[in-house]
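Dropping start.cif in here (mmCIF, N, CA and C atoms and all ligand atoms):
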```
data_target
#
loop_
_atom_site.label_atom_id
_atom_site.label_comp_id
_atom_site.auth_asym_id
_atom_site.auth_seq_id
_atom_site.Cartn_x
_atom_site.Cartn_y
_atom_site.Cartn_z
N MET A 8 32.44 46.98 -19.83
CA MET A 8 33.78 47.58 -19.89
C MET A 8 34.35 47.68 -18.48
N ALA A 9 35.48 47.10 -18.29
CA ALA A 9 36.05 47.02 -16.95
C ALA A 9 36.52 48.39 -16.47
N MET A 10 36.21 48.68 -15.23
CA MET A 10 36.68 49.91 -14.61
C MET A 10 38.02 49.62 -13.92
N ILE A 11 39.05 50.32 -14.31
CA ILE A 11 40.36 50.13 -13.68
C ILE A 11 40.63 51.32 -12.76
N THR A 12 40.83 51.00 -11.48
CA THR A 12 40.96 52.04 -10.47
C THR A 12 42.29 51.92 -9.75
N ASN A 13 43.06 52.97 -9.78
CA ASN A 13 44.23 53.07 -8.91
C ASN A 13 43.75 53.72 -7.61
N ILE A 14 43.73 52.90 -6.53
CA ILE A 14 43.12 53.36 -5.28
C ILE A 14 43.88 54.57 -4.70
N GLN A 15 45.13 54.71 -5.10
CA GLN A 15 45.92 55.85 -4.59
C GLN A 15 45.30 57.20 -5.01
N HIS A 16 44.54 57.18 -6.08
CA HIS A 16 43.91 58.42 -6.55
C HIS A 16 42.84 58.92 -5.58
N PHE A 17 42.39 58.02 -4.67
CA PHE A 17 41.36 58.39 -3.70
C PHE A 17 41.96 58.61 -2.31
N MET A 18 43.28 58.67 -2.26
CA MET A 18 43.92 58.77 -0.96
C MET A 18 44.67 60.07 -0.79
N ASP A 19 44.76 60.45 0.49
CA ASP A 19 45.51 61.63 0.86
C ASP A 19 46.55 61.14 1.87
N GLY A 20 47.76 60.93 1.41
CA GLY A 20 48.75 60.29 2.26
C GLY A 20 48.36 58.84 2.49
N ASP A 21 48.25 58.44 3.77
CA ASP A 21 47.93 57.04 4.05
C ASP A 21 46.46 56.84 4.43
N LYS A 22 45.64 57.87 4.28
CA LYS A 22 44.21 57.69 4.58
C LYS A 22 43.36 58.12 3.40
N ALA A 23 42.07 57.79 3.48
CA ALA A 23 41.17 58.15 2.38
C ALA A 23 41.06 59.67 2.30
N ALA A 24 41.07 60.18 1.11
CA ALA A 24 40.97 61.61 0.90
C ALA A 24 39.56 62.10 1.24
N ASP A 25 39.44 63.39 1.50
CA ASP A 25 38.15 64.03 1.72
C ASP A 25 37.48 64.15 0.35
N LEU A 26 36.36 63.47 0.20
CA LEU A 26 35.76 63.37 -1.13
C LEU A 26 34.30 63.76 -1.12
N PRO A 27 33.78 64.20 -2.25
CA PRO A 27 32.33 64.40 -2.36
C PRO A 27 31.58 63.09 -2.17
N ALA A 28 30.31 63.17 -1.77
CA ALA A 28 29.54 61.97 -1.36
C ALA A 28 29.58 60.88 -2.42
N GLU A 29 29.45 61.24 -3.67
CA GLU A 29 29.39 60.23 -4.72
C GLU A 29 30.71 59.47 -4.82
N ALA A 30 31.81 60.20 -4.74
CA ALA A 30 33.12 59.56 -4.78
C ALA A 30 33.34 58.73 -3.52
N GLN A 31 32.80 59.21 -2.38
CA GLN A 31 32.95 58.47 -1.13
C GLN A 31 32.24 57.12 -1.22
N ASP A 32 31.07 57.09 -1.84
CA ASP A 32 30.35 55.83 -2.04
C ASP A 32 31.20 54.85 -2.85
N LEU A 33 31.83 55.38 -3.88
CA LEU A 33 32.68 54.53 -4.73
C LEU A 33 33.88 54.02 -3.94
N VAL A 34 34.47 54.89 -3.14
CA VAL A 34 35.61 54.47 -2.33
C VAL A 34 35.20 53.40 -1.33
N ASN A 35 34.03 53.58 -0.70
CA ASN A 35 33.55 52.56 0.25
C ASN A 35 33.37 51.21 -0.44
N PHE A 36 32.84 51.25 -1.64
CA PHE A 36 32.65 50.04 -2.44
C PHE A 36 33.99 49.39 -2.76
N LEU A 37 34.94 50.19 -3.21
CA LEU A 37 36.25 49.66 -3.62
C LEU A 37 37.07 49.16 -2.43
N THR A 38 37.00 49.89 -1.30
CA THR A 38 37.80 49.47 -0.14
C THR A 38 37.23 48.20 0.48
N ALA A 39 35.90 48.01 0.40
CA ALA A 39 35.31 46.74 0.87
C ALA A 39 35.82 45.58 0.02
N ILE A 40 36.01 45.84 -1.26
CA ILE A 40 36.56 44.81 -2.16
C ILE A 40 38.01 44.50 -1.79
N ILE A 41 38.79 45.54 -1.52
CA ILE A 41 40.19 45.33 -1.14
C ILE A 41 40.27 44.50 0.15
N GLU A 42 39.43 44.86 1.14
CA GLU A 42 39.45 44.14 2.42
C GLU A 42 39.09 42.67 2.21
N ALA A 43 38.03 42.42 1.43
CA ALA A 43 37.60 41.03 1.20
C ALA A 43 38.68 40.24 0.47
N ALA A 44 39.26 40.85 -0.55
CA ALA A 44 40.26 40.14 -1.36
C ALA A 44 41.52 39.85 -0.55
N THR A 45 41.92 40.80 0.30
CA THR A 45 43.16 40.60 1.05
C THR A 45 42.96 39.68 2.25
N LEU A 46 41.74 39.70 2.86
CA LEU A 46 41.45 38.76 3.94
C LEU A 46 41.48 37.33 3.42
N ALA A 47 41.09 37.15 2.18
CA ALA A 47 41.06 35.82 1.56
C ALA A 47 42.15 35.72 0.50
N TYR A 48 43.29 36.33 0.80
CA TYR A 48 44.36 36.46 -0.19
C TYR A 48 44.81 35.13 -0.77
N ASP A 49 44.78 34.08 0.08
CA ASP A 49 45.26 32.78 -0.39
C ASP A 49 44.15 31.91 -0.97
N LYS A 50 42.95 32.47 -1.07
CA LYS A 50 41.84 31.73 -1.68
C LYS A 50 41.63 32.21 -3.11
N PRO A 51 41.11 31.33 -3.96
CA PRO A 51 40.95 31.74 -5.37
C PRO A 51 39.91 32.83 -5.55
N MET A 52 38.90 32.88 -4.68
CA MET A 52 37.83 33.85 -4.85
C MET A 52 37.05 34.00 -3.56
N THR A 53 36.50 35.21 -3.32
CA THR A 53 35.61 35.40 -2.19
C THR A 53 34.55 36.42 -2.60
N VAL A 54 33.70 36.82 -1.64
CA VAL A 54 32.62 37.75 -1.95
C VAL A 54 32.77 38.98 -1.07
N SER A 55 32.65 40.16 -1.67
CA SER A 55 32.77 41.41 -0.94
C SER A 55 31.58 41.62 -0.01
N THR A 56 31.81 42.30 1.12
CA THR A 56 30.70 42.64 2.02
C THR A 56 29.82 43.74 1.41
N ALA A 57 30.37 44.53 0.51
CA ALA A 57 29.59 45.56 -0.17
C ALA A 57 29.07 45.00 -1.49
N GLY A 58 27.77 45.01 -1.66
CA GLY A 58 27.18 44.47 -2.88
C GLY A 58 27.21 45.48 -4.01
N CYS A 59 26.78 45.01 -5.15
CA CYS A 59 26.69 45.84 -6.35
C CYS A 59 25.62 46.92 -6.15
N LYS A 60 25.89 48.11 -6.64
CA LYS A 60 24.86 49.16 -6.63
C LYS A 60 24.73 49.75 -8.03
N ASN A 61 25.08 48.94 -8.99
CA ASN A 61 25.02 49.40 -10.38
C ASN A 61 23.59 49.75 -10.76
N ASP A 62 23.42 50.82 -11.50
CA ASP A 62 22.11 51.27 -11.95
C ASP A 62 21.87 50.74 -13.36
N ILE A 63 20.84 49.90 -13.49
CA ILE A 63 20.53 49.33 -14.80
C ILE A 63 19.12 49.74 -15.17
N ASN A 64 19.00 50.65 -16.11
CA ASN A 64 17.70 51.17 -16.54
C ASN A 64 16.85 51.62 -15.35
N GLY A 65 17.48 52.32 -14.42
CA GLY A 65 16.75 52.85 -13.27
C GLY A 65 16.56 51.87 -12.14
N GLN A 66 16.98 50.62 -12.32
CA GLN A 66 16.88 49.62 -11.26
C GLN A 66 18.25 49.39 -10.65
N THR A 67 18.31 49.43 -9.33
CA THR A 67 19.59 49.17 -8.68
C THR A 67 19.85 47.68 -8.61
N CYS A 68 21.05 47.29 -9.03
CA CYS A 68 21.46 45.89 -8.93
C CYS A 68 21.97 45.64 -7.51
N PHE A 69 21.54 44.54 -6.91
CA PHE A 69 22.01 44.18 -5.57
C PHE A 69 22.78 42.85 -5.60
N GLY A 70 23.44 42.60 -6.71
CA GLY A 70 24.17 41.35 -6.85
C GLY A 70 25.38 41.28 -5.94
N ASN A 71 25.83 40.06 -5.69
CA ASN A 71 27.08 39.86 -4.95
C ASN A 71 28.27 40.19 -5.84
N ILE A 72 29.29 40.75 -5.21
CA ILE A 72 30.53 41.08 -5.92
C ILE A 72 31.57 40.01 -5.59
N GLU A 73 31.96 39.25 -6.59
CA GLU A 73 33.05 38.29 -6.41
C GLU A 73 34.38 39.00 -6.58
N VAL A 74 35.33 38.70 -5.71
CA VAL A 74 36.63 39.36 -5.76
C VAL A 74 37.75 38.33 -5.71
N TRP A 75 38.87 38.69 -6.28
CA TRP A 75 40.02 37.79 -6.30
C TRP A 75 41.28 38.61 -6.55
N VAL A 76 42.43 37.97 -6.32
CA VAL A 76 43.71 38.61 -6.60
C VAL A 76 44.34 37.91 -7.80
N ASP A 77 44.74 38.70 -8.77
CA ASP A 77 45.46 38.16 -9.93
C ASP A 77 46.94 38.08 -9.55
N PHE A 78 47.42 36.83 -9.41
CA PHE A 78 48.78 36.68 -8.89
C PHE A 78 49.86 37.06 -9.89
N ASP A 79 49.54 37.19 -11.15
CA ASP A 79 50.53 37.65 -12.13
C ASP A 79 50.82 39.14 -11.96
N THR A 80 49.78 39.91 -11.72
CA THR A 80 49.92 41.38 -11.66
C THR A 80 49.76 41.91 -10.24
N ASN A 81 49.20 41.09 -9.32
CA ASN A 81 48.80 41.48 -7.98
C ASN A 81 47.67 42.51 -7.99
N HIS A 82 46.98 42.63 -9.09
CA HIS A 82 45.79 43.47 -9.14
C HIS A 82 44.61 42.71 -8.54
N ILE A 83 43.68 43.46 -7.96
CA ILE A 83 42.46 42.85 -7.44
C ILE A 83 41.37 42.98 -8.50
N GLY A 84 40.78 41.85 -8.84
CA GLY A 84 39.68 41.85 -9.80
C GLY A 84 38.36 41.69 -9.09
N TRP A 85 37.30 42.25 -9.66
CA TRP A 85 35.96 42.07 -9.08
C TRP A 85 34.94 42.01 -10.20
N GLU A 86 33.85 41.28 -9.92
CA GLU A 86 32.77 41.17 -10.89
C GLU A 86 31.46 40.90 -10.19
N CYS A 87 30.41 41.60 -10.62
CA CYS A 87 29.07 41.36 -10.10
C CYS A 87 28.50 40.11 -10.75
N VAL A 88 28.00 39.19 -9.91
CA VAL A 88 27.47 37.94 -10.45
C VAL A 88 26.13 38.14 -11.15
N GLU A 89 25.46 39.26 -10.84
CA GLU A 89 24.15 39.52 -11.44
C GLU A 89 24.25 40.26 -12.77
N CYS A 90 24.90 41.44 -12.74
CA CYS A 90 24.88 42.29 -13.93
C CYS A 90 26.18 42.23 -14.73
N GLY A 91 27.20 41.59 -14.16
CA GLY A 91 28.45 41.45 -14.91
C GLY A 91 29.33 42.67 -14.88
N ASP A 92 28.93 43.70 -14.12
CA ASP A 92 29.78 44.87 -13.95
C ASP A 92 31.11 44.40 -13.35
N ASP A 93 32.22 44.92 -13.85
CA ASP A 93 33.49 44.40 -13.35
C ASP A 93 34.55 45.48 -13.36
N GLY A 94 35.65 45.16 -12.70
CA GLY A 94 36.73 46.12 -12.64
C GLY A 94 37.99 45.53 -12.06
N VAL A 95 39.01 46.37 -12.01
CA VAL A 95 40.33 45.99 -11.49
C VAL A 95 40.79 47.12 -10.58
N ILE A 96 41.37 46.75 -9.44
CA ILE A 96 41.93 47.74 -8.52
C ILE A 96 43.44 47.54 -8.45
N THR A 97 44.17 48.62 -8.64
CA THR A 97 45.63 48.55 -8.59
C THR A 97 46.17 49.41 -7.44
N ASP A 98 47.41 49.18 -7.08
CA ASP A 98 48.13 50.01 -6.10
C ASP A 98 47.45 50.06 -4.73
N TRP A 99 46.88 48.90 -4.34
CA TRP A 99 46.18 48.79 -3.05
C TRP A 99 47.11 48.29 -1.95
N GLU A 100 48.31 47.81 -2.34
CA GLU A 100 49.19 47.19 -1.36
C GLU A 100 49.60 48.19 -0.27
N TYR A 101 49.55 47.72 0.98
CA TYR A 101 49.97 48.48 2.17
C TYR A 101 49.06 49.67 2.47
N THR A 102 47.88 49.73 1.87
CA THR A 102 46.90 50.74 2.27
C THR A 102 46.22 50.27 3.55
N LEU A 103 45.39 51.13 4.12
CA LEU A 103 44.62 50.82 5.32
C LEU A 103 43.78 49.56 5.16
N TRP A 104 43.42 49.26 3.94
CA TRP A 104 42.45 48.19 3.67
C TRP A 104 43.13 46.89 3.27
N ASP A 105 44.44 46.91 3.25
CA ASP A 105 45.21 45.70 2.96
C ASP A 105 45.24 44.87 4.23
N LYS A 106 44.44 43.78 4.25
CA LYS A 106 44.28 42.97 5.46
C LYS A 106 45.11 41.69 5.42
N ARG A 107 46.09 41.63 4.51
CA ARG A 107 46.94 40.46 4.48
C ARG A 107 47.70 40.36 5.80
N SER A 108 47.91 39.13 6.21
CA SER A 108 48.71 38.91 7.41
C SER A 108 50.17 38.77 7.01
N TYR A 109 51.01 39.56 7.62
CA TYR A 109 52.43 39.50 7.28
C TYR A 109 53.21 38.61 8.24
N THR A 110 52.51 38.10 9.29
CA THR A 110 53.21 37.33 10.30
C THR A 110 53.25 35.85 9.94
N LYS A 111 52.32 35.39 9.12
CA LYS A 111 52.33 33.97 8.75
C LYS A 111 52.24 33.82 7.24
N HIS A 112 52.78 32.69 6.79
CA HIS A 112 52.75 32.44 5.35
C HIS A 112 52.19 31.06 5.08
ZN ZN B 201 25.41 44.17 -10.39
#
```
Now that the file is in, can you turn its structure into structure tokens?
Amino acid sequence: MAMITNIQHFMDGDKAADLPAEAQDLVNFLTAIIEAATLAYDKPMTVSTAGCKNDINGQTCFGNIEVWVDFDTNHIGWECVECGDDGVITDWEYTLWDKRSYTKH
């Protein structure tokens, strides 16, 4: 089941909100995905620097997270190549982690 995350829910103004450790881990995971996807904005797919940490029957998954931008919705999609955990990130545009270059097209 895909996790849909509006990244604005983890923000306080233009920076990451002060969060409990567990939520902070999730934010670190999601923001690494945003950075990877926006750095490779013009590529069909790339891999996040933060790997999967999904817990499967007590075993931590360390799979690579593939990320991409859906150009119809501008949502960022991600999926673990090992366990298939997946999700969508919305409302990431112009956040700290949006690494798109605005000077060249
Ligand atoms: Zn995984």
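Pairwise distance (CA of Asp49 in chain A, CA of Phe78 in chain A) equals 10.0 Å.
Among the candidate residues A:Ile11, A:Gly65, A:Val76, A:Lys106, the one lying nearest to Lys50 in chain A is A:Val76, with distances computed using all atoms listed in the file.
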For this session: Residues within 7 Å of ligand ZN 201 (chain B) should be enumerated using only N, CA and C atoms and all ligand atoms and returned as a count of residues only.
Result: 16
Exercise. How would you write, as a VMD selection string, the set of residues in range 48-79 of chain A that DSSP gives as strand (DSSP E)?
Worked result: chain A and resid 53 to 54 62 to 63 66 to 67 72 to 77
Exercise. Looking at all atoms listed in the file, which of A:Met18, A:Val74, A:Val95, A:Trp85 is the one that sits closest to Thr53 in chain A?
Worked result: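 Checking each of A:Met18, A:Val74, A:Val95, A:Trp85 against Thr53 in chain A, counting all atoms listed in the file, the winner is A:Val74.
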Exercise. Taking only C-alpha atoms into account, which of A:Ile40, A:Leu103, A:Met52, A:Ala57 comes nearest Asp77 in chain A?
Worked result: A:Met52
Problem set entry | Surrounding residues of Gln15 in chain A excluding itself and chain neighbours under 5 positions, 7 Å, all atoms listed in the file, as an MDAnalysis selection string | chainID A and resid 97:99
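Shortest atom-to-atom contact with Thr45 in chain A among A:Gly94, A:His16, A:Asn81, A:Trp75: A:Trp75, counting all atoms listed in the file.
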Would you list the residues near (47.3, 41.0, 6.8), meaning any protein, DNA or RNA residue with an atom at most 12 Å from that point in file coordinates, counting only C-alpha atoms, as a tab-separated table (two decimals) with N, CA and C atoms, in the frame of the given file?
```tsv
chain	number	residue	atom	x	y	z
A	41	ILE	N	38.79	45.54	-1.52
A	41	ILE	CA	40.19	45.33	-1.14
A	41	ILE	C	40.27	44.50	0.15
A	42	GLU	N	39.43	44.86	1.14
A	42	GLU	CA	39.45	44.14	2.42
A	42	GLU	C	39.09	42.67	2.21
A	43	ALA	N	38.03	42.42	1.43
A	43	ALA	CA	37.60	41.03	1.20
A	43	ALA	C	38.68	40.24	0.47
A	44	ALA	N	39.26	40.85	-0.55
A	44	ALA	CA	40.26	40.14	-1.36
A	44	ALA	C	41.52	39.85	-0.55
A	45	THR	N	41.92	40.80	0.30
A	45	THR	CA	43.16	40.60	1.05
A	45	THR	C	42.96	39.68	2.25
A	46	LEU	N	41.74	39.70	2.86
A	46	LEU	CA	41.45	38.76	3.94
A	46	LEU	C	41.48	37.33	3.42
A	47	ALA	N	41.09	37.15	2.18
A	47	ALA	CA	41.06	35.82	1.56
A	47	ALA	C	42.15	35.72	0.50
A	48	TYR	N	43.29	36.33	0.80
A	48	TYR	CA	44.36	36.46	-0.19
A	48	TYR	C	44.81	35.13	-0.77
A	49	ASP	N	44.78	34.08	0.08
A	49	ASP	CA	45.26	32.78	-0.39
A	49	ASP	C	44.15	31.91	-0.97
A	100	GLU	N	48.31	47.81	-2.34
A	100	GLU	CA	49.19	47.19	-1.36
A	100	GLU	C	49.60	48.19	-0.27
A	101	TYR	N	49.55	47.72	0.98
A	101	TYR	CA	49.97	48.48	2.17
A	101	TYR	C	49.06	49.67	2.47
A	102	THR	N	47.88	49.73	1.87
A	102	THR	CA	46.90	50.74	2.27
A	102	THR	C	46.22	50.27	3.55
A	103	LEU	N	45.39	51.13	4.12
A	103	LEU	CA	44.62	50.82	5.32
A	103	LEU	C	43.78	49.56	5.16
A	104	TRP	N	43.42	49.26	3.94
A	104	TRP	CA	42.45	48.19	3.67
A	104	TRP	C	43.13	46.89	3.27
A	105	ASP	N	44.44	46.91	3.25
A	105	ASP	CA	45.21	45.70	2.96
A	105	ASP	C	45.24	44.87	4.23
A	106	LYS	N	44.44	43.78	4.25
A	106	LYS	CA	44.28	42.97	5.46
A	106	LYS	C	45.11	41.69	5.42
A	107	ARG	N	46.09	41.63	4.51
A	107	ARG	CA	46.94	40.46	4.48
A	107	ARG	C	47.70	40.36	5.80
A	108	SER	N	47.91	39.13	6.21
A	108	SER	CA	48.71	38.91	7.41
A	108	SER	C	50.17	38.77	7.01
A	109	TYR	N	51.01	39.56	7.62
A	109	TYR	CA	52.43	39.50	7.28
A	109	TYR	C	53.21	38.61	8.24
A	110	THR	N	52.51	38.10	9.29
A	110	THR	CA	53.21	37.33	10.30
A	110	THR	C	53.25	35.85	9.94
A	111	LYS	N	52.32	35.39	9.12
A	111	LYS	CA	52.33	33.97	8.75
A	111	LYS	C	52.24	33.82	7.24
A	112	HIS	N	52.78	32.69	6.79
A	112	HIS	CA	52.75	32.44	5.35
A	112	HIS	C	52.19	31.06	5.08
```
For this session: Work out how far CA of Ile72 in chain A is from CA of Asp19 in chain A, in Å to one decimal.
Result: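 Spanning CA of Asp19 in chain A to CA of Ile72 in chain A is a straight-line distance of 26.3 Å.
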With all atoms of range 31-40 of chain A from the file as input, state the centre and edge lengths in Å to one decimal of the axis-aligned box that has 3 Å extra on each side, as AutoDock Vina command-line options.
```
--center_x 34.2 --center_y 51.9 --center_z -1.9 --size_x 13.7 --size_y 20.7 --size_z 11.6
```
Exercise. How far is it from CA of Gly20 in chain A to CA of Val54 in chain A, in Å with one decimal?
Worked result: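 Interatomic distance, CA of Gly20 in chain A to CA of Val54 in chain A: 28.0 Å.
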For this session: Apply DSSP to the structure's backbone, then extract all residues of chain A labelled helix (DSSP H, G or I) and return them as a VMD selection string.
Result: chain A and resid 14 to 17 28 to 46
